[in-house]
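Shown next: structure-v2.txt, given as compact mmCIF, C-alpha atoms.
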# COMPACT_ATOMS: atom_id res chain seq x y z
CA MET A 1014 115.76 95.92 109.75
CA LYS A 1015 115.42 99.16 111.69
CA GLU A 1016 117.49 101.07 109.13
CA LEU A 1017 115.27 99.84 106.32
CA GLU A 1018 112.11 100.75 108.25
CA GLU A 1019 113.42 104.28 108.86
CA TYR A 1020 114.33 104.59 105.17
CA LEU A 1021 110.84 103.55 104.06
CA ASN A 1022 109.14 105.78 106.65
CA SER A 1023 110.96 108.75 105.12
CA LYS A 1024 109.13 108.03 101.87
CA ILE A 1025 105.57 107.91 103.16
CA GLY A 1026 103.47 110.26 101.06
CA LEU A 1027 105.97 110.52 98.21
CA SER A 1028 104.47 109.97 94.76
CA ASN A 1029 105.08 106.75 92.86
CA ASN A 1030 105.76 105.97 89.19
CA LYS A 1031 107.72 109.19 88.68
CA ASN A 1032 111.02 107.49 87.83
CA ILE A 1033 109.77 104.81 85.46
CA GLU A 1034 112.07 105.67 82.53
CA LEU A 1035 115.11 105.50 84.79
CA LEU A 1036 113.95 102.25 86.40
CA LYS A 1037 113.92 100.60 82.98
CA THR A 1038 117.72 100.92 82.98
CA VAL A 1039 118.38 99.66 86.51
CA PHE A 1040 118.63 95.97 85.60
CA THR A 1041 120.73 94.36 82.87
CA ARG A 1042 119.15 92.93 79.74
CA LEU A 1043 119.77 89.42 81.09
CA GLN A 1044 118.11 90.30 84.40
CA LEU A 1045 115.10 91.84 82.64
CA THR A 1046 114.78 88.70 80.52
CA GLU A 1047 114.80 86.57 83.65
CA LEU A 1048 112.18 88.79 85.26
CA SER A 1049 110.01 88.73 82.16
CA GLU A 1050 110.08 84.96 81.83
CA ARG A 1051 109.57 84.05 85.48
CA THR A 1052 107.17 86.78 86.64
CA ILE A 1053 103.43 86.30 87.05
CA ALA A 1054 102.08 89.85 86.81
CA VAL A 1055 98.71 90.31 88.53
CA VAL A 1056 96.55 93.22 87.36
CA GLY A 1057 92.89 94.21 87.68
CA THR A 1058 90.55 96.49 89.61
CA ASN A 1059 89.80 94.23 92.58
CA GLY A 1060 91.15 90.99 94.01
CA LYS A 1061 94.82 91.35 93.02
CA THR A 1062 96.28 90.70 96.47
CA SER A 1063 94.10 87.70 97.31
CA THR A 1064 94.72 86.19 93.85
CA SER A 1065 98.48 86.72 94.25
CA LYS A 1066 98.49 85.02 97.65
CA PHE A 1067 96.44 82.10 96.38
CA ILE A 1068 98.90 81.63 93.48
CA HIS A 1069 101.79 81.65 95.95
CA ARG A 1070 100.15 79.03 98.16
CA LEU A 1071 99.20 76.79 95.23
CA LEU A 1072 102.72 76.96 93.83
CA LYS A 1073 104.14 76.01 97.22
CA LYS A 1074 101.70 73.12 97.47
CA ASN A 1075 103.10 71.88 94.16
CA ASN A 1076 106.73 72.23 95.23
CA ARG A 1077 107.47 75.49 93.37
CA SER A 1078 109.12 78.36 95.17
CA SER A 1079 108.02 81.96 94.69
CA LEU A 1080 108.51 85.49 95.95
CA THR A 1081 105.37 87.62 96.14
CA PHE A 1082 105.17 91.42 95.90
CA THR A 1083 101.79 92.97 96.83
CA SER A 1084 100.49 96.33 98.03
CA PRO A 1085 99.49 98.08 100.17
CA HIS A 1086 100.18 96.53 103.56
CA LEU A 1087 97.74 96.49 106.47
CA VAL A 1088 100.09 96.72 109.44
CA GLU A 1089 103.76 96.19 108.52
CA TYR A 1090 105.62 96.82 105.25
CA THR A 1091 106.96 93.24 105.46
CA GLU A 1092 103.49 92.06 104.37
CA ARG A 1093 104.28 93.32 100.87
CA ILE A 1094 107.17 90.97 100.15
CA LYS A 1095 106.76 87.29 101.07
CA SER A 1096 108.72 84.21 100.08
CA ASP A 1097 109.29 80.55 100.91
CA LYS A 1098 112.88 81.27 101.89
CA ASN A 1099 114.69 83.36 104.45
CA LEU A 1100 114.47 86.91 103.18
CA ASN A 1101 116.42 89.89 104.47
CA LEU A 1102 115.46 93.04 102.58
CA GLN A 1103 118.01 94.99 104.59
CA ASP A 1104 120.74 93.29 102.52
CA ASN A 1105 119.63 95.22 99.44
CA LEU A 1106 119.10 98.61 101.06
CA ASP A 1107 122.42 99.91 99.72
CA PHE A 1108 121.27 98.96 96.23
CA VAL A 1109 118.35 101.43 96.26
CA LYS A 1110 120.27 104.08 98.19
CA ASP A 1111 123.15 103.96 95.68
CA LEU A 1112 120.65 104.25 92.83
CA GLU A 1113 119.21 107.42 94.37
CA GLU A 1114 122.58 108.95 95.06
CA LYS A 1115 124.04 108.14 91.64
CA ASN A 1116 121.03 109.56 89.76
CA LYS A 1117 120.18 112.36 92.22
CA ILE A 1118 116.59 111.16 92.62
CA VAL A 1119 114.25 110.28 95.47
CA LEU A 1120 112.38 107.04 94.96
CA GLY A 1121 108.74 106.78 96.03
CA TYR A 1122 107.65 104.25 98.66
CA PHE A 1123 106.21 101.84 96.09
CA GLU A 1124 109.20 102.22 93.76
CA ALA A 1125 111.72 101.46 96.52
CA LEU A 1126 109.91 98.35 97.75
CA PHE A 1127 109.36 97.12 94.20
CA LEU A 1128 113.08 97.39 93.43
CA LEU A 1129 113.92 95.62 96.69
CA ALA A 1130 111.56 92.79 95.73
CA CYS A 1131 113.03 92.49 92.21
CA LYS A 1132 116.58 92.49 93.52
CA SER A 1133 115.75 89.87 96.16
CA PHE A 1134 114.13 87.67 93.52
CA LEU A 1135 117.11 87.92 91.16
CA GLU A 1136 119.58 87.03 93.89
CA SER A 1137 117.78 83.84 94.95
CA GLU A 1138 116.74 80.76 93.02
CA TYR A 1139 112.97 81.12 92.97
CA ASP A 1140 110.78 79.46 90.37
CA TYR A 1141 108.38 82.42 90.09
CA TYR A 1142 108.06 86.09 91.00
CA ILE A 1143 104.40 86.99 91.66
CA CYS A 1144 104.16 90.74 91.14
CA GLU A 1145 100.98 92.70 91.86
CA ALA A 1146 100.62 95.92 89.90
CA GLY A 1147 100.00 99.25 91.58
CA ILE A 1148 97.23 101.60 90.47
CA GLY A 1149 98.13 101.89 86.83
CA GLY A 1150 98.76 99.68 83.84
CA LYS A 1151 100.98 100.82 81.00
CA LEU A 1152 102.59 103.47 83.19
CA ASP A 1153 102.77 101.39 86.35
CA THR A 1154 106.21 100.96 87.90
CA THR A 1155 105.91 97.18 87.61
CA SER A 1156 105.53 97.46 83.82
CA ILE A 1157 109.33 97.58 83.47
CA ILE A 1158 109.27 93.78 83.81
CA GLN A 1159 107.16 93.24 80.66
CA SER A 1160 106.05 89.88 81.99
CA LYS A 1161 105.21 86.99 79.68
CA ASN A 1162 102.57 85.80 82.17
CA VAL A 1163 99.73 88.18 83.08
CA VAL A 1164 96.73 87.48 85.32
CA LEU A 1165 93.76 89.86 84.85
CA THR A 1166 91.36 89.54 87.81
CA ASN A 1167 88.55 91.82 86.61
CA ILE A 1168 87.73 95.24 85.16
CA GLY A 1169 85.88 97.89 87.15
CA LYS A 1170 85.52 101.61 87.77
CA ASP A 1171 88.34 102.96 89.92
CA HIS A 1172 91.13 105.50 89.34
CA GLN A 1173 89.32 106.49 86.15
CA ASP A 1174 91.28 109.71 85.78
CA LEU A 1175 94.36 107.54 85.25
CA LEU A 1176 92.93 104.48 83.54
CA GLY A 1177 89.98 105.68 81.45
CA TYR A 1178 86.22 105.90 81.68
CA THR A 1179 85.09 102.88 79.66
CA ASP A 1180 85.72 99.18 80.28
CA GLN A 1181 87.74 98.96 77.08
CA GLU A 1182 89.96 101.90 78.07
CA VAL A 1183 90.63 100.32 81.46
CA LEU A 1184 91.23 96.94 79.81
CA ASP A 1185 93.74 98.49 77.43
CA GLN A 1186 95.65 99.99 80.35
CA LYS A 1187 95.57 96.85 82.48
CA ILE A 1188 96.41 94.27 79.85
CA PHE A 1189 99.28 96.27 78.42
CA ILE A 1190 101.20 96.38 81.64
CA SER A 1191 103.17 94.11 79.31
CA LYS A 1192 103.53 94.05 75.53
CA ASN A 1193 105.29 90.75 75.84
CA ILE A 1194 102.39 88.52 76.96
CA GLU A 1195 102.53 84.85 76.08
CA ASN A 1196 100.08 83.56 78.68
CA LEU A 1197 97.06 85.62 79.71
CA PHE A 1198 94.77 84.36 82.47
CA VAL A 1199 91.43 86.13 82.63
CA GLY A 1200 89.15 86.22 85.65
CA ASP A 1201 85.71 87.64 86.27
CA ILE A 1202 85.01 89.85 83.25
CA ASN A 1203 82.07 89.93 80.87
CA SER A 1204 81.85 88.19 77.51
CA GLU A 1205 82.10 91.50 75.61
CA LEU A 1206 85.53 92.20 77.09
CA ILE A 1207 86.60 88.61 76.46
CA ASN A 1208 85.76 89.09 72.77
CA ILE A 1209 87.72 92.37 72.74
CA ILE A 1210 90.76 90.53 74.10
CA LYS A 1211 90.45 87.78 71.51
CA ASN A 1212 89.87 90.13 68.56
CA ASN A 1213 92.11 93.09 69.37
CA TYR A 1214 95.07 91.55 71.16
CA PRO A 1215 96.07 88.66 68.88
CA HIS A 1216 99.64 88.68 70.21
CA SER A 1217 98.32 87.40 73.55
CA LYS A 1218 97.45 83.73 73.89
CA VAL A 1219 94.50 83.48 76.28
CA LYS A 1220 95.29 80.19 77.93
CA TYR A 1221 92.45 79.75 80.38
CA PHE A 1222 89.25 81.50 81.39
CA LEU A 1223 87.73 81.49 84.84
CA ARG A 1224 84.46 80.37 83.25
CA ASP A 1225 86.21 77.31 81.83
CA THR A 1226 87.33 76.41 85.34
CA VAL A 1227 83.81 76.84 86.68
CA ASP A 1228 82.46 74.58 83.92
CA THR A 1229 85.10 71.98 84.80
CA LEU A 1230 83.87 71.99 88.39
CA ASN A 1231 80.20 72.12 87.32
CA MET A 1232 79.56 75.28 89.29
CA ASN A 1233 77.57 78.42 88.61
CA LEU A 1234 79.84 81.46 88.36
CA LYS A 1235 77.15 83.81 89.64
CA ASP A 1236 76.88 81.85 92.88
CA LEU A 1237 80.57 82.12 93.72
CA MET A 1238 81.82 84.51 96.36
CA ALA A 1239 84.48 87.01 95.32
CA ASN A 1240 87.24 85.15 97.14
CA GLN A 1241 86.20 81.88 95.51
CA LYS A 1242 86.51 83.53 92.10
CA ASN A 1243 89.99 84.72 92.99
CA PHE A 1244 90.88 81.23 94.17
CA LEU A 1245 89.61 79.66 90.94
CA LEU A 1246 91.59 82.14 88.87
CA ALA A 1247 94.74 81.30 90.84
CA LEU A 1248 93.96 77.61 90.46
CA SER A 1249 93.59 77.83 86.69
CA THR A 1250 96.75 79.95 86.42
CA VAL A 1251 98.93 77.51 88.34
CA SER A 1252 97.38 74.50 86.63
CA SER A 1253 98.17 75.91 83.21
CA LEU A 1254 101.68 77.20 84.00
CA LEU A 1255 102.75 73.92 85.56
CA ASN A 1256 100.88 71.90 82.94
CA ILE A 1257 99.29 69.69 85.58
CA ASP A 1258 95.70 68.95 86.51
CA ILE A 1259 95.17 70.34 89.99
CA LEU A 1260 91.62 71.55 89.37
CA ASN A 1261 89.85 68.55 90.85
CA GLU A 1262 91.96 68.73 93.99
CA SER A 1263 89.88 71.69 95.16
CA ILE A 1264 86.31 70.97 94.11
CA SER A 1265 85.17 71.61 97.69
CA LEU A 1266 86.73 75.11 97.51
CA ASN A 1267 88.13 74.93 101.02
CA PHE A 1268 90.25 77.99 100.29
CA GLU A 1269 92.23 79.82 102.94
CA GLU A 1270 90.97 83.21 104.04
CA ILE A 1271 92.97 86.20 102.88
CA GLU A 1272 93.27 89.02 105.40
CA GLY A 1273 91.57 92.24 104.39
CA ARG A 1274 88.92 90.53 102.27
CA PHE A 1275 85.69 89.51 104.05
CA GLU A 1276 87.57 88.70 107.22
CA ILE A 1277 85.36 87.68 110.14
CA VAL A 1278 86.88 89.21 113.29
CA ASN A 1279 84.04 88.40 115.71
CA GLN A 1280 81.24 85.82 115.72
CA ASN A 1281 78.77 87.11 118.31
CA PRO A 1282 77.81 89.63 117.20
CA ILE A 1283 79.13 89.03 113.71
CA LYS A 1284 81.80 91.56 112.73
CA ILE A 1285 83.43 91.66 109.31
CA ILE A 1286 86.22 93.81 107.91
CA ASP A 1287 86.74 94.26 104.17
CA GLY A 1288 89.08 96.46 102.18
CA ALA A 1289 86.48 97.22 99.51
CA HIS A 1290 87.36 100.73 98.35
CA ASN A 1291 85.39 101.21 95.12
CA LEU A 1292 81.78 100.62 94.06
CA ASP A 1293 82.43 97.27 92.38
CA GLY A 1294 84.23 95.96 95.45
CA VAL A 1295 81.47 97.18 97.76
CA LYS A 1296 78.81 95.50 95.61
CA HIS A 1297 80.74 92.21 95.79
CA LEU A 1298 81.04 92.56 99.55
CA PHE A 1299 77.32 93.05 100.17
CA LYS A 1300 76.37 90.33 97.71
CA ASP A 1301 78.61 87.90 99.60
CA TYR A 1302 77.36 89.16 102.97
CA GLU A 1303 73.69 88.77 102.07
CA ARG A 1304 74.37 85.29 100.75
CA GLN A 1305 75.55 84.23 104.22
CA TYR A 1306 73.53 86.39 106.61
CA ASP A 1307 69.98 87.70 106.90
CA PHE A 1308 69.96 90.13 109.81
CA GLU A 1309 67.20 92.71 110.19
CA GLN A 1310 69.83 95.43 110.51
CA THR A 1311 73.58 95.70 110.04
CA ASP A 1312 75.67 98.70 111.04
CA VAL A 1313 78.17 99.71 108.37
CA PHE A 1314 81.26 101.72 109.37
CA ILE A 1315 83.04 103.31 106.43
CA GLY A 1316 86.13 105.37 105.71
CA PHE A 1317 87.77 106.09 102.35
CA LYS A 1318 90.85 107.72 100.95
CA LYS A 1319 90.49 110.97 99.07
CA GLY A 1320 89.40 110.72 95.45
CA LYS A 1321 86.98 107.81 95.79
CA ASP A 1322 83.42 107.95 94.45
CA ILE A 1323 81.95 108.07 97.94
CA ARG A 1324 78.56 109.36 96.81
CA SER A 1325 77.91 106.32 94.62
CA ILE A 1326 79.03 103.97 97.38
CA ILE A 1327 76.83 105.68 99.96
CA SER A 1328 73.84 105.68 97.61
CA PHE A 1329 74.28 101.95 96.99
CA ILE A 1330 74.48 101.06 100.70
CA ASN A 1331 71.70 103.45 101.67
CA SER A 1332 69.34 101.95 99.06
CA ASN A 1333 68.79 99.03 101.42
CA SER A 1334 67.03 99.99 104.66
CA LYS A 1335 68.72 97.06 106.45
CA TYR A 1336 71.97 99.02 106.60
CA LYS A 1337 72.79 101.98 108.83
CA ILE A 1338 75.90 103.95 107.91
CA TYR A 1339 78.48 105.36 110.31
CA PHE A 1340 81.41 107.45 109.10
CA ILE A 1341 84.78 107.01 110.75
CA GLU A 1342 85.96 110.41 111.96
CA GLU A 1343 88.63 112.22 109.95
CA LYS A 1344 92.38 111.80 110.56
CA THR A 1345 91.91 108.18 111.59
CA PHE A 1346 94.15 106.92 108.77
CA TYR A 1347 96.46 108.20 106.04
CA ASP A 1348 94.98 110.48 103.34
CA GLN A 1349 91.42 110.02 104.61
CA GLU A 1350 88.55 111.91 103.06
CA ASN A 1351 86.67 114.05 105.58
CA PRO A 1352 82.94 113.09 105.39
CA VAL A 1353 81.96 116.63 106.39
CA ILE A 1354 82.61 117.82 102.82
CA TYR A 1355 79.53 115.84 101.75
CA LEU A 1356 77.14 117.51 104.20
CA ASP A 1357 75.17 119.33 101.48
CA TYR A 1358 74.76 116.13 99.53
CA PHE A 1359 73.58 114.25 102.62
CA GLN A 1360 71.04 116.92 103.48
CA LYS A 1361 69.59 117.04 99.95
CA ALA A 1362 69.36 113.24 99.86
CA LYS A 1363 67.75 113.26 103.33
CA PHE A 1364 70.42 110.82 104.39
CA GLU A 1365 70.90 110.18 108.11
CA TYR A 1366 74.37 109.35 109.33
CA GLU A 1367 76.69 109.61 112.30
CA VAL A 1368 80.41 110.33 112.59
CA VAL A 1369 82.10 108.05 115.12
CA ASN A 1370 85.59 106.99 116.13
CA LEU A 1371 87.06 103.65 115.12
CA ASP A 1372 86.57 102.17 118.57
CA ALA A 1373 82.80 102.39 118.01
CA PHE A 1374 83.07 99.50 115.55
CA SER A 1375 84.85 97.30 118.09
CA SER A 1376 82.37 98.07 120.87
CA ASN A 1377 79.25 97.86 118.70
CA LYS A 1378 76.75 95.23 119.91
CA SER A 1379 74.99 94.67 116.57
CA PRO A 1380 76.07 92.83 113.39
CA SER A 1381 78.52 95.20 111.74
CA ILE A 1382 80.89 95.71 108.82
CA LEU A 1383 83.99 97.88 108.63
CA LEU A 1384 84.86 98.71 105.04
CA GLY A 1385 86.83 101.12 102.94
CA SER A 1386 90.48 101.96 102.56
CA LEU A 1387 93.03 99.27 103.36
CA TYR A 1388 94.69 101.95 105.49
CA LEU A 1389 91.51 101.93 107.61
CA ILE A 1390 91.64 98.13 107.90
CA GLY A 1391 95.30 98.40 108.80
CA GLU A 1392 94.60 100.97 111.52
CA TYR A 1393 91.95 98.69 113.01
CA LYS A 1394 94.41 95.79 113.08
CA LYS A 1395 97.14 97.92 114.64
CA ARG A 1396 94.82 98.91 117.47
CA LYS A 1397 93.81 95.30 118.02
CA LEU A 1398 97.48 94.38 118.42
CA VAL A 1399 98.08 96.97 121.15

structure tokens encoding of this file:
Amino acid sequence: MKELEEYLNSKIGLSNNKNIELLKTVFTRLQLTELSERTIAVVGTNGKTSTSKFIHRLLKKNNRSSLTFTSPHLVEYTERIKSDKNLNLQDNLDFVKDLEEKNKIVLGYFEALFLLACKSFLESEYDYYICEAGIGGKLDTTSIIQSKNVVLTNIGKDHQDLLGYTDQEVLDQKIFISKNIENLFVGDINSELINIIKNNYPHSKVKYFLRDTVDTLNMNLKDLMANQKNFLLALSTVSSLLNIDILNESISLNFEEIEGRFEIVNQNPIKIIDGAHNLDGVKHLFKDYERQYDFEQTDVFIGFKKGKDIRSIISFINSNSKYKIYFIEEKTFYDQENPVIYLDYFQKAKFEYEVVNLDAFSSNKSPSILLGSLYLIGEYKKRKLV
């Protein structure tokens, strides 16, 4: 596996989605048909990885095998491709290298791993290929599959320069990761968007809504935590695809925790890490946190990749006097935004803050949250492993 790791390391920082037209020709028509029919494509603004992992676990519980492709990873690239069988990605390294050499191209990190996952799926007898989309929709690398089964977790404001500035524009990008949808599973989106789906995308059969699942379990959607919503969406997806009633098996919602999402890493004092990296995700995090805890003060340690709407996130957190914000110092993780560039904004807003190193979160003696880029969460985990 060392050769594969070195190959992938050489691609860190390379752009993705640049070879999409070529990638459409990599697999045969028969292979693309197999991918289309047996892939569960997972798209949305937040919750894709946790939903994908829940689907995988529910399929396994019901004796169906699956290979799961997610991104990004927290510590090791092997987190991105998981299966129920022995999997050796090294076996397919020549496949991607030959593709590059033959076409005189350099694949991006995401592109290379995606092709490795597809090839591994095609060469083994899995029932399903659970494939999480990258940033985009129509132009996402994973769109070459044109899956018949699409899971839409939610719609929010992130990567708007790529996906659009209104909910409908983002919906249009996300849902049309495939123009071949037969089964569409919709998660936590508002009734207006649900009506848009029904009225404007008649080719897609909306098989099950998250709200229908909640009604089945006699629960109030607004009272569910974000991870519970993702679990319910996965539950309704698997129940419908397998045409079996597994809903009542999980009324108690004893779902497994998914790393990177509201993960409790210390109990006294309480310490939580969460990969919330946009305003919608941050709002979900604090809503869930306040539902469980009522501390007089919580220290919040944050760090984001470049290009995020940090001002809106800061304003939201700072609106509650119970939270004190600490910025993780620059160059702690890949492509990190330097908080110093917001000094003028902080001064005008009369916002008090401190810049600290990542170890300050671990040594902090008060209730605390570490949130932001998954690269930040990954860096924290790497240090804990040392």

Inset, instruction - Could you check which of A:Thr1062, A:Lys1211, A:Thr1250, A:Lys1300 is closest to Asp1225 (chain A), using all atoms listed in the file? - result: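 Of A:Thr1062, A:Lys1211, A:Thr1250, A:Lys1300, the one nearest Asp1225 (chain A) is A:Thr1250, counting all atoms listed in the file.
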
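Relative to CA of Arg1077 (chain A), CA of Val1251 (chain A) is found at 10.1 Å.
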
Inset, instruction - Find the residues near Leu1021 (chain A): any atom within 12 Å, counting only C-alpha atoms, skip ones fewer than 3 places away on the same chain, and give them as a ChimeraX atom specification. - result: /A:1014-1018,1024-1027,1089-1091,1102-1103,1106,1109-1110,1119-1127,1129

Inset, instruction - Excluding Ser1191 (chain A) and residues on its chain fewer than 5 positions from it, collect all residues at most 8 Å away from it, counting all atoms listed in the file, and give them as a ChimeraX atom specification. - result: /A:1151,1156,1158-1161,1163

Inset, instruction - Counting all atoms listed in the file, write as a VMD selection string all protein and nucleic acid residues lying at most 8 Å from (84.8, 106.6, 114.3) in the file's frame. - result: chain A and resid 1314 1339 to 1342 1345 1368 to 1374

Store the residues picked out above, limited to C-alpha atoms, as an mmCIF file, in the coordinates of the input.
data_model
loop_
_atom_site.group_PDB
_atom_site.id
_atom_site.type_symbol
_atom_site.label_atom_id
_atom_site.label_comp_id
_atom_site.auth_asym_id
_atom_site.auth_seq_id
_atom_site.Cartn_x
_atom_site.Cartn_y
_atom_site.Cartn_z
ATOM 1 C CA PHE A 1314 81.260 101.720 109.370
ATOM 2 C CA TYR A 1339 78.480 105.360 110.310
ATOM 3 C CA PHE A 1340 81.410 107.450 109.100
ATOM 4 C CA ILE A 1341 84.780 107.010 110.750
ATOM 5 C CA GLU A 1342 85.960 110.410 111.960
ATOM 6 C CA THR A 1345 91.910 108.180 111.590
ATOM 7 C CA VAL A 1368 80.410 110.330 112.590
ATOM 8 C CA VAL A 1369 82.100 108.050 115.120
ATOM 9 C CA ASN A 1370 85.590 106.990 116.130
ATOM 10 C CA LEU A 1371 87.060 103.650 115.120
ATOM 11 C CA ASP A 1372 86.570 102.170 118.570
ATOM 12 C CA ALA A 1373 82.800 102.390 118.010
ATOM 13 C CA PHE A 1374 83.070 99.500 115.550
#

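For the pair CA of Ile1168 (chain A) and CA of Asp1293 (chain A), the interatomic distance is 9.2 Å.
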
Legend entry - Test item: which residues lie within 12 Å of (75.6, 97.6, 92.3) counting only C-alpha atoms, as an MDAnalysis selection string: chainID A and resid 1169:1170 1291:1300 1325:1333

Legend entry - Computed interatomic separation between CA of Pro1352 (chain A) and CA of His1290 (chain A) (Å):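 Separating CA of Pro1352 (chain A) from CA of His1290 (chain A) is a distance of 14.9 Å.
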
Legend entry - From A:Lys1284, A:Lys1363, A:Lys1242, A:Lys1066, residue lying nearest Glu1145 (chain A) [only C-alpha atoms]: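 Counting only C-alpha atoms, the residue closest to Glu1145 (chain A) is A:Lys1066.
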
Legend entry - Test item: residues at most 9 Å from region 1115-1118 of chain A, all atoms listed in the file, excluding those fewer than 3 positions along its chain, as a PyMOL selection string: chain A and resi 1032+1035+1110-1112

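The nearest approach to Ile1382 (chain A) among the residues A:Leu1184, A:Val1278, A:Met1232, A:Leu1398, with all atoms listed in the file taken into account, belongs to A:Val1278.
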
N, CA and C atoms for region 1122-1138 of chain A, written as a PDB file, in the coordinates of the input, could you do that?
ATOM      1  N   TYR A1122     107.776 105.413  97.769  1.00  0.00           N
ATOM      2  CA  TYR A1122     107.650 104.250  98.660  1.00  0.00           C
ATOM      3  C   TYR A1122     107.467 102.974  97.847  1.00  0.00           C
ATOM      4  N   PHE A1123     106.518 103.009  96.917  1.00  0.00           N
ATOM      5  CA  PHE A1123     106.210 101.840  96.090  1.00  0.00           C
ATOM      6  C   PHE A1123     107.414 101.467  95.220  1.00  0.00           C
ATOM      7  N   GLU A1124     108.054 102.475  94.629  1.00  0.00           N
ATOM      8  CA  GLU A1124     109.200 102.220  93.760  1.00  0.00           C
ATOM      9  C   GLU A1124     110.327 101.523  94.521  1.00  0.00           C
ATOM     10  N   ALA A1125     110.626 102.024  95.726  1.00  0.00           N
ATOM     11  CA  ALA A1125     111.720 101.460  96.520  1.00  0.00           C
ATOM     12  C   ALA A1125     111.447 100.007  96.887  1.00  0.00           C
ATOM     13  N   LEU A1126     110.237  99.716  97.361  1.00  0.00           N
ATOM     14  CA  LEU A1126     109.910  98.350  97.750  1.00  0.00           C
ATOM     15  C   LEU A1126     109.873  97.414  96.544  1.00  0.00           C
ATOM     16  N   PHE A1127     109.387  97.919  95.427  1.00  0.00           N
ATOM     17  CA  PHE A1127     109.360  97.120  94.200  1.00  0.00           C
ATOM     18  C   PHE A1127     110.771  96.735  93.771  1.00  0.00           C
ATOM     19  N   LEU A1128     111.696  97.680  93.800  1.00  0.00           N
ATOM     20  CA  LEU A1128     113.080  97.390  93.430  1.00  0.00           C
ATOM     21  C   LEU A1128     113.720  96.407  94.405  1.00  0.00           C
ATOM     22  N   LEU A1129     113.417  96.554  95.689  1.00  0.00           N
ATOM     23  CA  LEU A1129     113.920  95.620  96.690  1.00  0.00           C
ATOM     24  C   LEU A1129     113.414  94.203  96.413  1.00  0.00           C
ATOM     25  N   ALA A1130     112.136  94.102  96.034  1.00  0.00           N
ATOM     26  CA  ALA A1130     111.560  92.790  95.730  1.00  0.00           C
ATOM     27  C   ALA A1130     112.223  92.185  94.496  1.00  0.00           C
ATOM     28  N   CYS A1131     112.392  92.981  93.443  1.00  0.00           N
ATOM     29  CA  CYS A1131     113.030  92.490  92.210  1.00  0.00           C
ATOM     30  C   CYS A1131     114.445  92.018  92.483  1.00  0.00           C
ATOM     31  N   LYS A1132     115.202  92.822  93.211  1.00  0.00           N
ATOM     32  CA  LYS A1132     116.580  92.490  93.520  1.00  0.00           C
ATOM     33  C   LYS A1132     116.649  91.207  94.345  1.00  0.00           C
ATOM     34  N   SER A1133     115.775  91.073  95.325  1.00  0.00           N
ATOM     35  CA  SER A1133     115.750  89.870  96.160  1.00  0.00           C
ATOM     36  C   SER A1133     115.418  88.640  95.336  1.00  0.00           C
ATOM     37  N   PHE A1134     114.487  88.787  94.387  1.00  0.00           N
ATOM     38  CA  PHE A1134     114.130  87.670  93.520  1.00  0.00           C
ATOM     39  C   PHE A1134     115.319  87.247  92.655  1.00  0.00           C
ATOM     40  N   LEU A1135     115.994  88.216  92.061  1.00  0.00           N
ATOM     41  CA  LEU A1135     117.110  87.920  91.160  1.00  0.00           C
ATOM     42  C   LEU A1135     118.288  87.278  91.879  1.00  0.00           C
ATOM     43  N   GLU A1136     118.432  87.547  93.159  1.00  0.00           N
ATOM     44  CA  GLU A1136     119.580  87.030  93.890  1.00  0.00           C
ATOM     45  C   GLU A1136     119.312  85.670  94.547  1.00  0.00           C
ATOM     46  N   SER A1137     118.113  85.155  94.400  1.00  0.00           N
ATOM     47  CA  SER A1137     117.780  83.840  94.950  1.00  0.00           C
ATOM     48  C   SER A1137     117.185  82.976  93.848  1.00  0.00           C
ATOM     49  N   GLU A1138     117.212  81.683  94.050  1.00  0.00           N
ATOM     50  CA  GLU A1138     116.740  80.760  93.020  1.00  0.00           C
ATOM     51  C   GLU A1138     115.267  80.413  93.250  1.00  0.00           C
TER      52      GLU A1138
END
